[in-house]
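Okay, my_file15.cif now, which holds mmCIF, C-alpha atoms:
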```
data_protein
#
loop_
_atom_site.label_atom_id
_atom_site.label_comp_id
_atom_site.auth_asym_id
_atom_site.auth_seq_id
_atom_site.Cartn_x
_atom_site.Cartn_y
_atom_site.Cartn_z
CA MET K 98 -74.00 -83.17 -49.55
CA ASN K 99 -71.70 -80.22 -48.96
CA SER K 100 -73.27 -77.54 -51.18
CA LEU K 101 -69.84 -76.05 -51.84
CA ASN K 102 -68.40 -79.28 -53.19
CA PRO K 103 -70.05 -80.35 -56.47
CA GLY K 104 -67.75 -83.36 -56.70
CA ALA K 105 -69.20 -84.91 -53.54
CA TYR K 106 -72.49 -85.76 -55.25
CA LEU K 107 -71.15 -86.29 -58.77
CA SER K 108 -68.54 -88.77 -57.57
CA GLY K 109 -71.37 -91.05 -56.50
CA LEU K 110 -72.82 -91.05 -60.03
CA ASN K 111 -70.97 -93.34 -62.44
CA ILE K 112 -69.82 -91.19 -65.38
CA ASP K 113 -69.50 -94.32 -67.53
CA VAL K 114 -73.15 -95.33 -67.13
CA MET K 115 -75.38 -94.12 -69.97
CA ARG K 116 -79.15 -94.10 -69.61
CA PHE K 117 -81.48 -93.26 -72.47
CA GLY K 118 -84.93 -91.86 -71.89
CA LEU K 119 -86.48 -88.57 -70.87
CA GLU K 120 -88.67 -89.72 -68.00
CA ALA K 121 -86.15 -89.18 -65.19
CA ILE K 122 -84.96 -85.73 -66.24
CA THR K 123 -88.49 -84.61 -67.10
CA GLY K 124 -89.67 -85.63 -63.65
CA LEU K 125 -86.73 -83.85 -62.06
CA LEU K 126 -87.14 -80.63 -64.00
CA GLU K 127 -90.85 -80.62 -63.16
CA ARG K 128 -89.82 -80.26 -59.49
CA PHE K 129 -87.96 -77.08 -60.51
CA GLY K 130 -90.80 -75.63 -62.60
CA PHE K 131 -89.35 -76.62 -66.00
CA PRO K 132 -86.57 -73.99 -66.04
CA GLN K 133 -85.56 -74.87 -69.62
CA ASN K 134 -88.71 -73.15 -70.88
CA ASP K 135 -87.84 -69.73 -69.43
CA TYR K 136 -85.32 -68.72 -72.11
CA PHE K 137 -84.59 -69.42 -75.77
CA THR K 138 -82.57 -72.52 -76.64
CA LEU K 139 -80.67 -73.85 -79.64
CA LEU K 140 -80.06 -77.61 -79.72
CA ILE K 141 -77.08 -79.06 -81.58
CA ALA K 142 -76.52 -82.75 -82.36
CA GLY K 143 -74.28 -84.59 -84.82
CA THR K 144 -71.47 -87.10 -85.15
CA ASN K 145 -68.70 -84.50 -85.36
CA GLY K 146 -68.43 -80.74 -85.09
CA LYS K 147 -71.31 -80.16 -82.69
CA GLY K 148 -69.07 -78.72 -79.97
CA SER K 149 -67.30 -76.36 -82.36
CA THR K 150 -70.62 -75.31 -83.89
CA ALA K 151 -72.04 -74.67 -80.43
CA ALA K 152 -68.98 -72.66 -79.40
CA MET K 153 -69.16 -70.44 -82.48
CA THR K 154 -72.91 -69.95 -82.09
CA ALA K 155 -72.55 -68.93 -78.43
CA SER K 156 -69.65 -66.60 -79.22
CA MET K 157 -71.65 -64.73 -81.86
CA LEU K 158 -74.70 -64.47 -79.60
CA ARG K 159 -72.54 -63.12 -76.79
CA GLU K 160 -71.03 -60.50 -79.10
CA ALA K 161 -74.58 -59.53 -80.11
CA GLY K 162 -75.23 -58.58 -76.48
CA PHE K 163 -77.30 -61.56 -75.36
CA ARG K 164 -76.71 -63.21 -72.01
CA THR K 165 -75.69 -66.58 -73.42
CA GLY K 166 -75.44 -70.00 -71.84
CA LEU K 167 -73.37 -72.80 -73.36
CA TYR K 168 -73.71 -76.44 -72.32
CA THR K 169 -71.24 -78.97 -73.76
CA SER K 170 -69.77 -82.36 -72.91
CA PRO K 171 -67.54 -83.95 -71.93
CA HIS K 172 -65.23 -81.67 -69.96
CA LEU K 173 -61.48 -81.82 -70.33
CA VAL K 174 -60.16 -80.91 -66.88
CA ASP K 175 -62.87 -79.24 -64.77
CA VAL K 176 -66.51 -80.35 -64.75
CA ARG K 177 -67.51 -76.67 -64.62
CA GLU K 178 -66.35 -76.37 -68.27
CA ARG K 179 -69.64 -77.98 -69.26
CA ILE K 180 -71.81 -75.10 -67.98
CA VAL K 181 -70.69 -71.69 -69.17
CA LEU K 182 -72.46 -68.32 -69.07
CA ASP K 183 -71.09 -65.42 -71.12
CA GLY K 184 -67.78 -67.22 -71.50
CA LYS K 185 -67.34 -67.95 -67.77
CA LYS K 186 -67.60 -71.35 -66.10
CA ILE K 187 -70.33 -71.83 -63.53
CA PRO K 188 -68.94 -70.95 -60.08
CA GLY K 189 -68.26 -74.01 -57.94
CA ARG K 190 -70.48 -72.61 -55.18
CA ASP K 191 -73.44 -72.32 -57.57
CA LEU K 192 -72.90 -75.77 -59.06
CA GLY K 193 -72.62 -77.33 -55.62
CA ARG K 194 -75.78 -75.64 -54.40
CA ILE K 195 -77.80 -76.68 -57.46
CA LEU K 196 -76.56 -80.28 -57.32
CA SER K 197 -77.48 -80.40 -53.64
CA GLU K 198 -81.02 -79.36 -54.57
CA ILE K 199 -81.12 -81.94 -57.35
CA GLN K 200 -80.07 -84.68 -54.96
CA ALA K 201 -82.81 -83.66 -52.54
CA LYS K 202 -85.59 -83.22 -55.11
CA ALA K 203 -84.93 -85.99 -57.64
CA PRO K 204 -87.97 -88.31 -57.66
CA GLU K 205 -85.71 -91.16 -58.75
CA PRO K 206 -81.95 -91.67 -59.11
CA VAL K 207 -80.46 -89.75 -62.03
CA SER K 208 -77.33 -90.35 -64.11
CA TYR K 209 -74.21 -88.20 -64.13
CA PHE K 210 -75.20 -86.61 -67.44
CA GLU K 211 -78.81 -86.07 -66.36
CA ALA K 212 -77.68 -84.32 -63.18
CA LEU K 213 -75.39 -81.95 -65.05
CA THR K 214 -77.92 -81.29 -67.80
CA ALA K 215 -80.54 -80.39 -65.21
CA ALA K 216 -78.00 -78.22 -63.40
CA ALA K 217 -77.31 -76.35 -66.63
CA PHE K 218 -81.00 -75.67 -67.28
CA ILE K 219 -81.49 -74.48 -63.69
CA TYR K 220 -78.36 -72.31 -63.63
CA PHE K 221 -79.19 -70.57 -66.90
CA GLN K 222 -82.67 -69.77 -65.61
CA ARG K 223 -81.44 -68.39 -62.28
CA ALA K 224 -78.71 -66.39 -64.01
CA ARG K 225 -81.36 -64.87 -66.29
CA ALA K 226 -79.88 -66.11 -69.56
CA ASP K 227 -81.49 -64.81 -72.74
CA ILE K 228 -80.58 -67.91 -74.69
CA ALA K 229 -78.72 -71.19 -74.17
CA VAL K 230 -76.84 -73.22 -76.75
CA MET K 231 -77.16 -76.88 -75.77
CA GLU K 232 -74.94 -79.62 -77.19
CA VAL K 233 -76.54 -83.06 -77.33
CA GLY K 234 -74.57 -85.68 -75.44
CA LEU K 235 -75.25 -88.86 -77.41
CA GLY K 236 -77.77 -89.48 -80.18
CA GLY K 237 -80.64 -87.06 -79.75
CA ARG K 238 -84.06 -88.62 -79.40
CA LEU K 239 -83.50 -89.94 -75.88
CA ASP K 240 -80.72 -87.57 -74.80
CA ALA K 241 -81.38 -85.55 -71.64
CA THR K 242 -80.93 -82.25 -73.50
CA ASN K 243 -83.93 -83.06 -75.68
CA VAL K 244 -86.42 -81.82 -73.09
CA CYS K 245 -85.99 -78.22 -74.25
CA ARG K 246 -88.02 -76.44 -76.95
CA PRO K 247 -85.35 -75.13 -79.32
CA LEU K 248 -85.75 -72.31 -81.81
CA VAL K 249 -83.78 -74.52 -84.17
CA SER K 250 -82.44 -78.07 -84.11
CA VAL K 251 -79.01 -78.42 -85.74
CA ILE K 252 -77.68 -81.79 -86.94
CA THR K 253 -74.11 -81.14 -88.02
CA ASN K 254 -73.47 -84.42 -89.83
CA ILE K 255 -74.17 -88.14 -89.58
CA GLY K 256 -71.64 -90.96 -89.36
CA LEU K 257 -71.53 -94.39 -87.76
CA GLU K 258 -70.88 -93.98 -84.03
CA HIS K 259 -72.02 -95.61 -80.80
CA THR K 260 -73.55 -98.32 -82.96
CA ALA K 261 -74.47 -100.42 -79.91
CA TYR K 262 -76.80 -97.62 -78.84
CA LEU K 263 -77.75 -95.76 -82.03
CA GLY K 264 -77.92 -98.56 -84.61
CA ARG K 265 -75.61 -100.05 -87.18
CA THR K 266 -76.71 -98.13 -90.27
CA LEU K 267 -76.54 -94.46 -91.22
CA THR K 268 -80.32 -94.38 -91.46
CA ALA K 269 -80.68 -95.76 -87.94
CA VAL K 270 -78.22 -93.20 -86.55
CA ALA K 271 -80.00 -90.44 -88.49
CA GLY K 272 -83.28 -91.56 -86.95
CA GLU K 273 -81.88 -91.09 -83.45
CA LYS K 274 -80.38 -87.69 -84.28
CA ALA K 275 -83.62 -86.61 -85.97
CA GLY K 276 -85.36 -87.08 -82.64
CA ILE K 277 -84.37 -83.50 -81.75
CA ILE K 278 -86.52 -82.12 -84.59
CA LYS K 279 -89.66 -80.66 -83.04
CA GLN K 280 -93.22 -80.53 -84.34
CA GLY K 281 -93.49 -77.38 -86.44
CA GLY K 282 -89.84 -76.60 -85.79
CA VAL K 283 -86.75 -75.98 -87.90
CA CYS K 284 -83.88 -78.33 -88.70
CA ILE K 285 -80.52 -77.23 -90.11
CA THR K 286 -78.06 -79.88 -91.25
CA GLY K 287 -74.72 -80.37 -92.91
CA ALA K 288 -75.37 -84.07 -93.60
CA THR K 289 -74.61 -84.87 -97.24
CA GLN K 290 -75.41 -88.59 -97.70
CA LYS K 291 -78.51 -89.02 -99.85
CA ARG K 292 -80.18 -91.62 -97.64
CA VAL K 293 -79.55 -89.47 -94.57
CA ALA K 294 -80.84 -86.33 -96.27
CA ASP K 295 -83.90 -88.21 -97.48
CA HIS K 296 -84.58 -89.52 -93.98
CA LEU K 297 -84.28 -86.07 -92.41
CA ALA K 298 -86.56 -84.65 -95.09
CA SER K 299 -89.12 -87.36 -94.36
CA VAL K 300 -89.04 -86.61 -90.62
CA CYS K 301 -89.44 -82.89 -91.29
CA ARG K 302 -92.43 -83.50 -93.56
CA ARG K 303 -94.08 -85.69 -90.94
CA LYS K 304 -93.50 -83.10 -88.22
CA LYS K 305 -94.31 -80.14 -90.48
CA ALA K 306 -90.84 -78.76 -89.75
CA ARG K 307 -88.71 -76.69 -92.12
CA LEU K 308 -85.41 -78.18 -93.30
CA PHE K 309 -82.38 -76.17 -94.46
CA ARG K 310 -79.39 -78.04 -95.90
CA LEU K 311 -75.79 -76.90 -96.23
CA GLY K 312 -74.84 -76.76 -99.89
CA LYS K 313 -78.45 -76.47 -100.99
CA ASP K 314 -80.15 -73.72 -98.98
CA PHE K 315 -77.00 -71.98 -97.69
CA GLU K 316 -73.26 -72.31 -98.24
CA ILE K 317 -69.87 -70.97 -97.26
CA ILE K 318 -66.93 -70.47 -99.61
CA GLY K 319 -63.28 -69.94 -98.71
CA ARG K 320 -61.23 -67.12 -100.25
CA LYS K 321 -57.53 -67.08 -101.10
CA ASP K 322 -56.82 -64.60 -98.31
CA GLY K 323 -58.06 -67.07 -95.67
CA THR K 324 -61.44 -65.41 -95.15
CA VAL K 325 -64.80 -66.90 -96.11
CA ASP K 326 -68.01 -65.69 -97.72
CA TYR K 327 -71.35 -66.86 -96.30
CA PHE K 328 -74.32 -67.15 -98.63
CA GLY K 329 -77.18 -67.70 -96.24
CA ILE K 330 -80.87 -68.37 -96.15
CA ASN K 331 -81.69 -64.66 -96.17
CA ARG K 332 -78.38 -62.81 -95.92
CA LYS K 333 -74.85 -62.69 -97.31
CA ILE K 334 -71.75 -61.77 -95.32
CA SER K 335 -68.33 -61.49 -96.97
CA SER K 336 -64.75 -61.77 -95.72
CA LEU K 337 -65.40 -63.52 -92.41
CA ARG K 338 -62.47 -64.83 -90.39
CA ILE K 339 -62.88 -68.12 -88.51
CA ALA K 340 -60.61 -68.51 -85.50
CA LEU K 341 -60.86 -72.30 -85.24
CA SER K 342 -58.30 -74.20 -87.30
CA GLY K 343 -59.07 -76.69 -90.05
CA GLY K 344 -61.02 -76.61 -93.29
CA HIS K 345 -63.84 -78.59 -91.68
CA GLN K 346 -64.64 -75.57 -89.51
CA LEU K 347 -66.11 -73.79 -92.54
CA ALA K 348 -69.08 -76.15 -92.50
CA ASN K 349 -69.46 -75.76 -88.74
CA ALA K 350 -69.41 -71.98 -89.09
CA ALA K 351 -72.04 -72.12 -91.85
CA LEU K 352 -74.32 -74.21 -89.62
CA ALA K 353 -73.88 -71.76 -86.75
CA LEU K 354 -74.67 -68.82 -89.03
CA ALA K 355 -77.76 -70.50 -90.45
CA ALA K 356 -78.97 -71.27 -86.91
CA LEU K 357 -78.65 -67.61 -86.01
CA GLU K 358 -80.61 -66.62 -89.10
CA VAL K 359 -83.48 -68.79 -87.88
CA ALA K 360 -83.10 -67.42 -84.34
CA GLU K 361 -83.58 -63.91 -85.70
CA GLU K 362 -87.11 -64.89 -86.71
CA SER K 363 -87.92 -64.92 -82.97
CA GLY K 364 -86.76 -61.34 -82.54
CA LEU K 365 -83.09 -61.87 -81.74
CA LYS K 366 -81.25 -59.18 -83.72
CA ILE K 367 -77.71 -60.21 -84.62
CA ARG K 368 -75.75 -57.65 -86.60
CA ASP K 369 -72.95 -58.45 -89.01
CA ALA K 370 -70.41 -56.85 -86.66
CA ALA K 371 -71.35 -59.30 -83.89
CA ILE K 372 -71.05 -62.21 -86.31
CA ARG K 373 -67.59 -61.10 -87.42
CA ALA K 374 -66.36 -60.58 -83.86
CA GLY K 375 -67.92 -63.80 -82.58
CA LEU K 376 -66.30 -66.01 -85.23
CA ARG K 377 -62.97 -64.23 -84.80
CA LYS K 378 -62.99 -64.64 -81.01
CA THR K 379 -64.25 -68.24 -80.72
CA ARG K 380 -62.02 -70.47 -78.63
CA TRP K 381 -62.57 -74.23 -78.36
CA GLU K 382 -60.00 -76.38 -76.62
CA ALA K 383 -58.68 -79.69 -77.98
CA ARG K 384 -59.79 -78.96 -81.54
CA MET K 385 -56.52 -78.84 -83.47
CA GLU K 386 -55.07 -76.95 -80.53
CA ILE K 387 -51.33 -76.31 -80.51
CA LEU K 388 -50.03 -76.83 -76.96
CA HIS K 389 -46.31 -76.57 -77.69
CA THR K 390 -44.31 -75.13 -80.55
CA ARG K 391 -40.81 -76.66 -80.42
CA PRO K 392 -41.66 -79.39 -81.24
CA VAL K 393 -45.19 -78.71 -82.45
CA PHE K 394 -47.60 -80.60 -80.19
CA LEU K 395 -51.11 -80.77 -81.67
CA LEU K 396 -54.04 -81.88 -79.53
CA ASP K 397 -57.25 -82.90 -81.27
CA GLY K 398 -60.47 -84.43 -80.02
CA ALA K 399 -60.93 -86.74 -83.04
CA HIS K 400 -62.59 -89.86 -81.61
CA ASN K 401 -64.21 -91.63 -84.58
CA PRO K 402 -63.30 -92.43 -88.21
CA SER K 403 -64.87 -89.23 -89.54
CA GLY K 404 -62.85 -87.14 -87.12
CA ALA K 405 -59.68 -89.06 -87.92
CA ARG K 406 -60.28 -88.44 -91.63
CA VAL K 407 -60.64 -84.71 -91.05
CA LEU K 408 -57.50 -84.64 -88.89
CA ARG K 409 -55.49 -86.55 -91.48
CA ARG K 410 -56.50 -84.06 -94.16
CA ALA K 411 -55.40 -81.18 -91.92
CA LEU K 412 -52.07 -82.86 -91.13
CA GLU K 413 -51.41 -83.38 -94.84
CA GLU K 414 -52.57 -79.95 -96.03
CA ASP K 415 -51.99 -77.52 -93.16
CA PHE K 416 -48.82 -78.78 -91.45
CA SER K 417 -45.34 -79.88 -92.43
CA PHE K 418 -43.15 -82.19 -90.39
CA ARG K 419 -40.20 -84.54 -90.71
CA ARG K 420 -41.65 -87.28 -88.51
CA LEU K 421 -45.03 -87.60 -86.84
CA ILE K 422 -45.28 -89.07 -83.34
CA LEU K 423 -48.78 -90.08 -82.26
CA ILE K 424 -50.21 -90.36 -78.78
CA PHE K 425 -53.35 -92.45 -79.11
CA ALA K 426 -55.99 -93.73 -76.68
CA VAL K 427 -59.60 -94.58 -77.42
CA LEU K 428 -62.85 -95.89 -75.94
CA SER K 429 -63.93 -99.42 -76.74
CA ASP K 430 -67.23 -98.42 -78.37
CA LYS K 431 -65.38 -96.56 -81.14
CA ASP K 432 -64.27 -97.98 -84.49
CA TYR K 433 -60.62 -97.61 -83.51
CA ARG K 434 -59.32 -100.01 -86.18
CA THR K 435 -60.61 -97.72 -88.92
CA MET K 436 -59.29 -94.69 -87.05
CA LEU K 437 -55.82 -96.21 -86.96
CA GLN K 438 -56.01 -97.18 -90.63
CA LYS K 439 -56.61 -93.54 -91.48
CA ILE K 440 -54.10 -91.81 -89.22
CA ALA K 441 -51.32 -94.30 -88.35
CA PRO K 442 -49.77 -94.45 -91.87
CA LEU K 443 -48.62 -90.84 -91.38
CA ALA K 444 -46.75 -91.65 -88.17
CA SER K 445 -43.33 -93.08 -87.39
CA VAL K 446 -44.44 -94.34 -83.99
CA ALA K 447 -47.53 -94.33 -81.76
CA ILE K 448 -47.35 -94.05 -77.98
CA LEU K 449 -50.29 -95.73 -76.24
CA PRO K 450 -51.21 -94.70 -72.68
CA PRO K 451 -54.13 -95.95 -70.54
CA LEU K 452 -57.19 -93.79 -69.83
CA PRO K 453 -58.90 -93.30 -66.45
CA THR K 454 -62.14 -95.00 -67.48
CA GLY K 455 -63.30 -98.58 -67.70
CA ARG K 456 -64.62 -97.89 -71.20
CA ALA K 457 -61.11 -97.47 -72.66
CA VAL K 458 -59.33 -100.03 -74.84
CA PRO K 459 -56.29 -101.35 -72.91
CA PRO K 460 -53.07 -99.98 -74.48
CA GLU K 461 -51.62 -103.49 -74.70
CA GLN K 462 -54.57 -104.53 -76.86
CA LEU K 463 -54.06 -101.52 -79.11
CA ALA K 464 -50.35 -102.30 -79.36
CA GLY K 465 -51.11 -105.84 -80.52
CA LEU K 466 -53.56 -104.56 -83.11
CA MET K 467 -51.09 -101.99 -84.42
CA LYS K 468 -48.33 -104.61 -84.68
CA LYS K 469 -50.65 -106.80 -86.80
CA MET K 470 -51.43 -103.76 -88.97
CA GLY K 471 -47.70 -103.15 -89.50
CA PHE K 472 -47.34 -100.03 -87.37
CA THR K 473 -44.82 -99.31 -84.61
CA ALA K 474 -46.28 -98.75 -81.14
CA VAL K 475 -44.97 -98.22 -77.60
CA VAL K 476 -47.07 -98.70 -74.45
CA ALA K 477 -46.79 -95.98 -71.80
CA GLY K 478 -47.72 -96.38 -68.15
CA THR K 479 -49.58 -93.06 -67.90
CA VAL K 480 -50.55 -90.10 -70.07
CA ASP K 481 -47.87 -88.03 -68.33
CA GLU K 482 -45.32 -90.65 -69.32
CA ALA K 483 -46.60 -90.66 -72.90
CA VAL K 484 -46.27 -86.87 -73.17
CA SER K 485 -42.77 -86.90 -71.71
CA LEU K 486 -41.70 -89.75 -73.96
CA ALA K 487 -43.06 -88.03 -77.07
CA LEU K 488 -41.25 -84.79 -76.21
CA ALA K 489 -38.03 -86.71 -75.59
CA MET K 490 -38.35 -88.59 -78.91
CA ALA K 491 -39.10 -85.52 -81.00
CA GLU K 492 -36.23 -83.90 -82.87
CA GLU K 493 -36.01 -80.72 -84.94
CA GLY K 494 -38.80 -80.67 -87.51
CA ASP K 495 -40.83 -83.45 -85.86
CA MET K 496 -44.45 -83.11 -84.79
CA ILE K 497 -46.48 -84.74 -82.00
CA CYS K 498 -50.21 -85.30 -82.31
CA ALA K 499 -52.49 -86.61 -79.54
CA LEU K 500 -55.93 -87.92 -80.52
CA GLY K 501 -58.50 -90.64 -80.01
CA SER K 502 -60.62 -89.47 -77.08
CA LEU K 503 -61.63 -86.34 -75.21
CA TYR K 504 -60.68 -88.26 -72.07
CA LEU K 505 -57.14 -88.33 -73.48
CA ALA K 506 -57.36 -84.63 -74.37
CA GLY K 507 -58.24 -83.77 -70.78
CA GLU K 508 -55.36 -85.83 -69.42
CA VAL K 509 -52.92 -84.24 -71.88
CA LYS K 510 -54.11 -80.75 -70.89
CA GLN K 511 -53.54 -81.59 -67.24
CA SER K 512 -50.09 -82.93 -68.04
CA PHE K 513 -49.11 -79.73 -69.81
CA HIS K 514 -50.54 -77.63 -67.00
CA GLN K 515 -48.36 -79.49 -64.50
CA MET K 516 -45.31 -79.18 -66.77
CA ASN K 517 -45.80 -75.46 -67.23
CA SER K 518 -46.32 -74.98 -63.51
CA CYS K 519 -42.94 -76.60 -62.89
CA GLY K 520 -41.23 -74.88 -65.82
CA LYS K 521 -40.56 -78.23 -67.49
CA ALA K 522 -42.07 -77.34 -70.84
CA ARG K 523 -39.50 -74.63 -71.43
CA ARG K 524 -36.67 -77.03 -70.67
CA THR K 525 -37.91 -79.56 -73.20
CA GLU K 526 -37.86 -77.09 -76.11
CA LYS K 527 -35.26 -77.91 -78.72
CA LYS K 528 -32.53 -75.34 -78.95
#
```
Let's see the structure in the file written out as structure tokens.
Amino acid sequence: MNSLNPGAYLSGLNIDVMRFGLEAITGLLERFGFPQNDYFTLLIAGTNGKGSTAAMTASMLREAGFRTGLYTSPHLVDVRERIVLDGKKIPGRDLGRILSEIQAKAPEPVSYFEALTAAAFIYFQRARADIAVMEVGLGGRLDATNVCRPLVSVITNIGLEHTAYLGRTLTAVAGEKAGIIKQGGVCITGATQKRVADHLASVCRRKKARLFRLGKDFEIIGRKDGTVDYFGINRKISSLRIALSGGHQLANAALALAALEVAEESGLKIRDAAIRAGLRKTRWEARMEILHTRPVFLLDGAHNPSGARVLRRALEEDFSFRRLILIFAVLSDKDYRTMLQKIAPLASVAILPPLPTGRAVPPEQLAGLMKKMGFTAVVAGTVDEAVSLALAMAEEGDMICALGSLYLAGEVKQSFHQMNSCGKARRTEKK
């Protein structure tokens, strides 16, 4: 493999293939001397909000002066987005070199996600990271990230997702997520359902791990001026400003703050000033991100019913519009019928493009479902076509919202990048 071309090796690994189990990545990392054990880690799982929570956590750690790694998935445009150190993507040369070593040393074939997870662990070690914030890919117990020894395991929330892999009940899903709780460790969660909370408590008792729950052991309260007050496990911080949009980000911020409180027990000093600056400076793409202002074009990564519910609340409470035009595409393992039931009633029309993955629901199938549900839908040939059509449809006071999949979010971002490069976006603005 050309060590300067990370795509050469990754392209041979099917991104749509998911493998559960820690044997392959453990065997691989053993060949590299278990790099994940050479720095502190924080591990974040959950149905929704784990990426935002990870981004806020990493931002605050970086402001506190720690050399901070951040590993997230999936990427939107560039695979290097997944592996970030101090706010900068891994250089392509470094990623290519590490992947070349992985290809040579792997004792058995690895999956796309396993290769990138191993690359992240190795890169953070070689770059002398102080701490890495690792976002779980899917589930927790058998996810490749779960080979680290985290200072704290965060479970943002629990909802029904990936039921073919994680189980068809909340308790079953919670059991998979709870797999990241370590013996004698610490778990922080924002899960509110009684049966989920009871299950997490039971796991923590069995593993002699401490459990801290949002709303019980720590909380965050919004103020009229738009700031928030954090009442933590051991500290209180007033008048914090959260950069990420949406009321749901308060809970994510509280989880990030609680995780840092636990991290401080290991000697990581994080002053209030770093917390304030980190929350204020956090950037996280495709989370209620405004790409265009006339008309307003909102891009959100909502990809399950819980996310759609949060997005609907934000559209109703935080935005005003004459008509709403949706761009919607989704993967087949999602509960897309429920998603549409929650979000489609707000829209005048939905534009349905295809996605570049075999896991996506064909737009024609979605169009038939929406027609049966009584909603208006139009099939587009590509995401570029969907974006152009939405911009052409939108009139003064209208709003466009793209959601359903992070695959879609990445395609929309690329579409806007191409439009801006050609100066098209300016020409589409309504005068």
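Each of K:Asp432, K:Ile228, K:Gly364, K:Cys245 was compared to Arg265 (chain K) using only C-alpha atoms, and K:Asp432 turns out to be the nearest.
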(request) Run through the PyMOL selection byres ((chain K and resi 270-284) around 6) on the given coordinates and return the selected residues as a list in words. (result)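 The output of the PyMOL selection byres ((chain K and resi 270-284) around 6) on this file is Gly236, Gly237, Arg238, Val249, Ser250, Val251, Leu263, Gly264, Leu267, Thr268, Ala269, Ile285, Lys304, Lys305, Ala306, Arg307 and Leu308 of chain K.
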Just to be explicit: take each residue in the selection above, keep C-alpha atoms, and write the result as a compact mmCIF listing (two decimals), in the coordinates of the input.
```
# COMPACT_ATOMS: atom_id res chain seq x y z
CA GLY K 236 -77.77 -89.48 -80.18
CA GLY K 237 -80.64 -87.06 -79.75
CA ARG K 238 -84.06 -88.62 -79.40
CA VAL K 249 -83.78 -74.52 -84.17
CA SER K 250 -82.44 -78.07 -84.11
CA VAL K 251 -79.01 -78.42 -85.74
CA LEU K 263 -77.75 -95.76 -82.03
CA GLY K 264 -77.92 -98.56 -84.61
CA LEU K 267 -76.54 -94.46 -91.22
CA THR K 268 -80.32 -94.38 -91.46
CA ALA K 269 -80.68 -95.76 -87.94
CA ILE K 285 -80.52 -77.23 -90.11
CA LYS K 304 -93.50 -83.10 -88.22
CA LYS K 305 -94.31 -80.14 -90.48
CA ALA K 306 -90.84 -78.76 -89.75
CA ARG K 307 -88.71 -76.69 -92.12
CA LEU K 308 -85.41 -78.18 -93.30
```
(request) Return as a ChimeraX atom specification the set of residues that the PyMOL selection byres ((chain K and resi 471-479) around 8) yields on the displayed structure. (result) /K:441-442,445-452,460-461,464,467-470,480-483
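Of the listed residues (K:Ala142, K:Leu110, K:Ile195, K:Val176), K:Leu110 comes nearest to Tyr209 (chain K); the distances count all atoms listed in the file.
If you look at CA of Glu316 (chain K) and CA of Phe416 (chain K), they are 26.2 Å away from each other.
Within the 10 Å cut-off around Gly494 (chain K), using all atoms listed in the file and omitting residues fewer than 2 positions from it on the same chain, the listed residues are Arg391, Pro392, Val393, Ser417, Phe418, Arg419, Arg420, Leu421, Ala491, Glu492, Met496 and Lys527 of chain K.
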With C-alpha atoms retained, export the selected residues as a PDB file, in the frame of the given file.
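The resulting file, part.pdb, is reproduced below:
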```pdb
ATOM      1  CA  ARG K 391     -40.810 -76.660 -80.420  1.00  0.00           C
ATOM      2  CA  PRO K 392     -41.660 -79.390 -81.240  1.00  0.00           C
ATOM      3  CA  VAL K 393     -45.190 -78.710 -82.450  1.00  0.00           C
ATOM      4  CA  SER K 417     -45.340 -79.880 -92.430  1.00  0.00           C
ATOM      5  CA  PHE K 418     -43.150 -82.190 -90.390  1.00  0.00           C
ATOM      6  CA  ARG K 419     -40.200 -84.540 -90.710  1.00  0.00           C
ATOM      7  CA  ARG K 420     -41.650 -87.280 -88.510  1.00  0.00           C
ATOM      8  CA  LEU K 421     -45.030 -87.600 -86.840  1.00  0.00           C
ATOM      9  CA  ALA K 491     -39.100 -85.520 -81.000  1.00  0.00           C
ATOM     10  CA  GLU K 492     -36.230 -83.900 -82.870  1.00  0.00           C
ATOM     11  CA  MET K 496     -44.450 -83.110 -84.790  1.00  0.00           C
ATOM     12  CA  LYS K 527     -35.260 -77.910 -78.720  1.00  0.00           C
TER      13      LYS K 527
END
```
(message) Report, in Å to a single decimal, how far apart CA of Asn145 (chain K) and CA of Arg373 (chain K) are.
(response)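 Interatomic distance, CA of Arg373 (chain K) to CA of Asn145 (chain K): 23.5 Å.
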(message) Considering all atoms listed in the file, can you say which of K:Arg116, K:Ile424, K:Arg177, K:His389 comes closest to Asn517 (chain K)?
(response)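 Answer, going by the shortest atom-to-atom distance: K:His389.
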(request) Please evaluate the PyMOL selection byres ((chain K and resi 352-362) around 9) against the displayed coordinates and give the resulting residues as a ChimeraX atom specification. (result) /K:137,139,150-155,157-158,248-253,283-287,309-311,315-316,327,329-332,347-351,363-367,372
(message) Please compute the CA of Leu126 (chain K)-CA of Thr165 (chain K) distance, one decimal, in Å.
(response)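 Going from CA of Leu126 (chain K) over to CA of Thr165 (chain K), I get 20.4 Å.
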(request) Determine, counting all atoms listed in the file, which protein, DNA and RNA residues have an atom within 10 Å of an atom of Val407 (chain K); residues of the same chain fewer than 5 positions away are not included. Present the result as a VMD selection string. (result) chain K and resid 145 343 to 345 399 402 412 439 to 440
(message) Report as a PyMOL selection string all protein, DNA and RNA residues lying within 12 Å of region 129-136 of chain K, evaluated on all atoms listed in the file, omitting residues in the same chain fewer than 6 positions from it.
(response) chain K and resi 122-123+163-166+195+198-199+201-204+214-231+241-248+363
Env of Leu396 (chain K): 8 Å cut, atoms = only C-alpha atoms, seq-sep filter 5 positions within chain, self excluded. Answer as a compact mmCIF listing (two decimals) with C-alpha atoms, in the coordinates of the input.
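Result went into part_35.txt, see below:
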```txt
# COMPACT_ATOMS: atom_id res chain seq x y z
CA ALA K 383 -58.68 -79.69 -77.98
CA ARG K 384 -59.79 -78.96 -81.54
CA MET K 385 -56.52 -78.84 -83.47
CA GLU K 386 -55.07 -76.95 -80.53
CA ILE K 387 -51.33 -76.31 -80.51
CA LEU K 388 -50.03 -76.83 -76.96
CA CYS K 498 -50.21 -85.30 -82.31
CA ALA K 499 -52.49 -86.61 -79.54
CA LEU K 500 -55.93 -87.92 -80.52
CA ALA K 506 -57.36 -84.63 -74.37
```
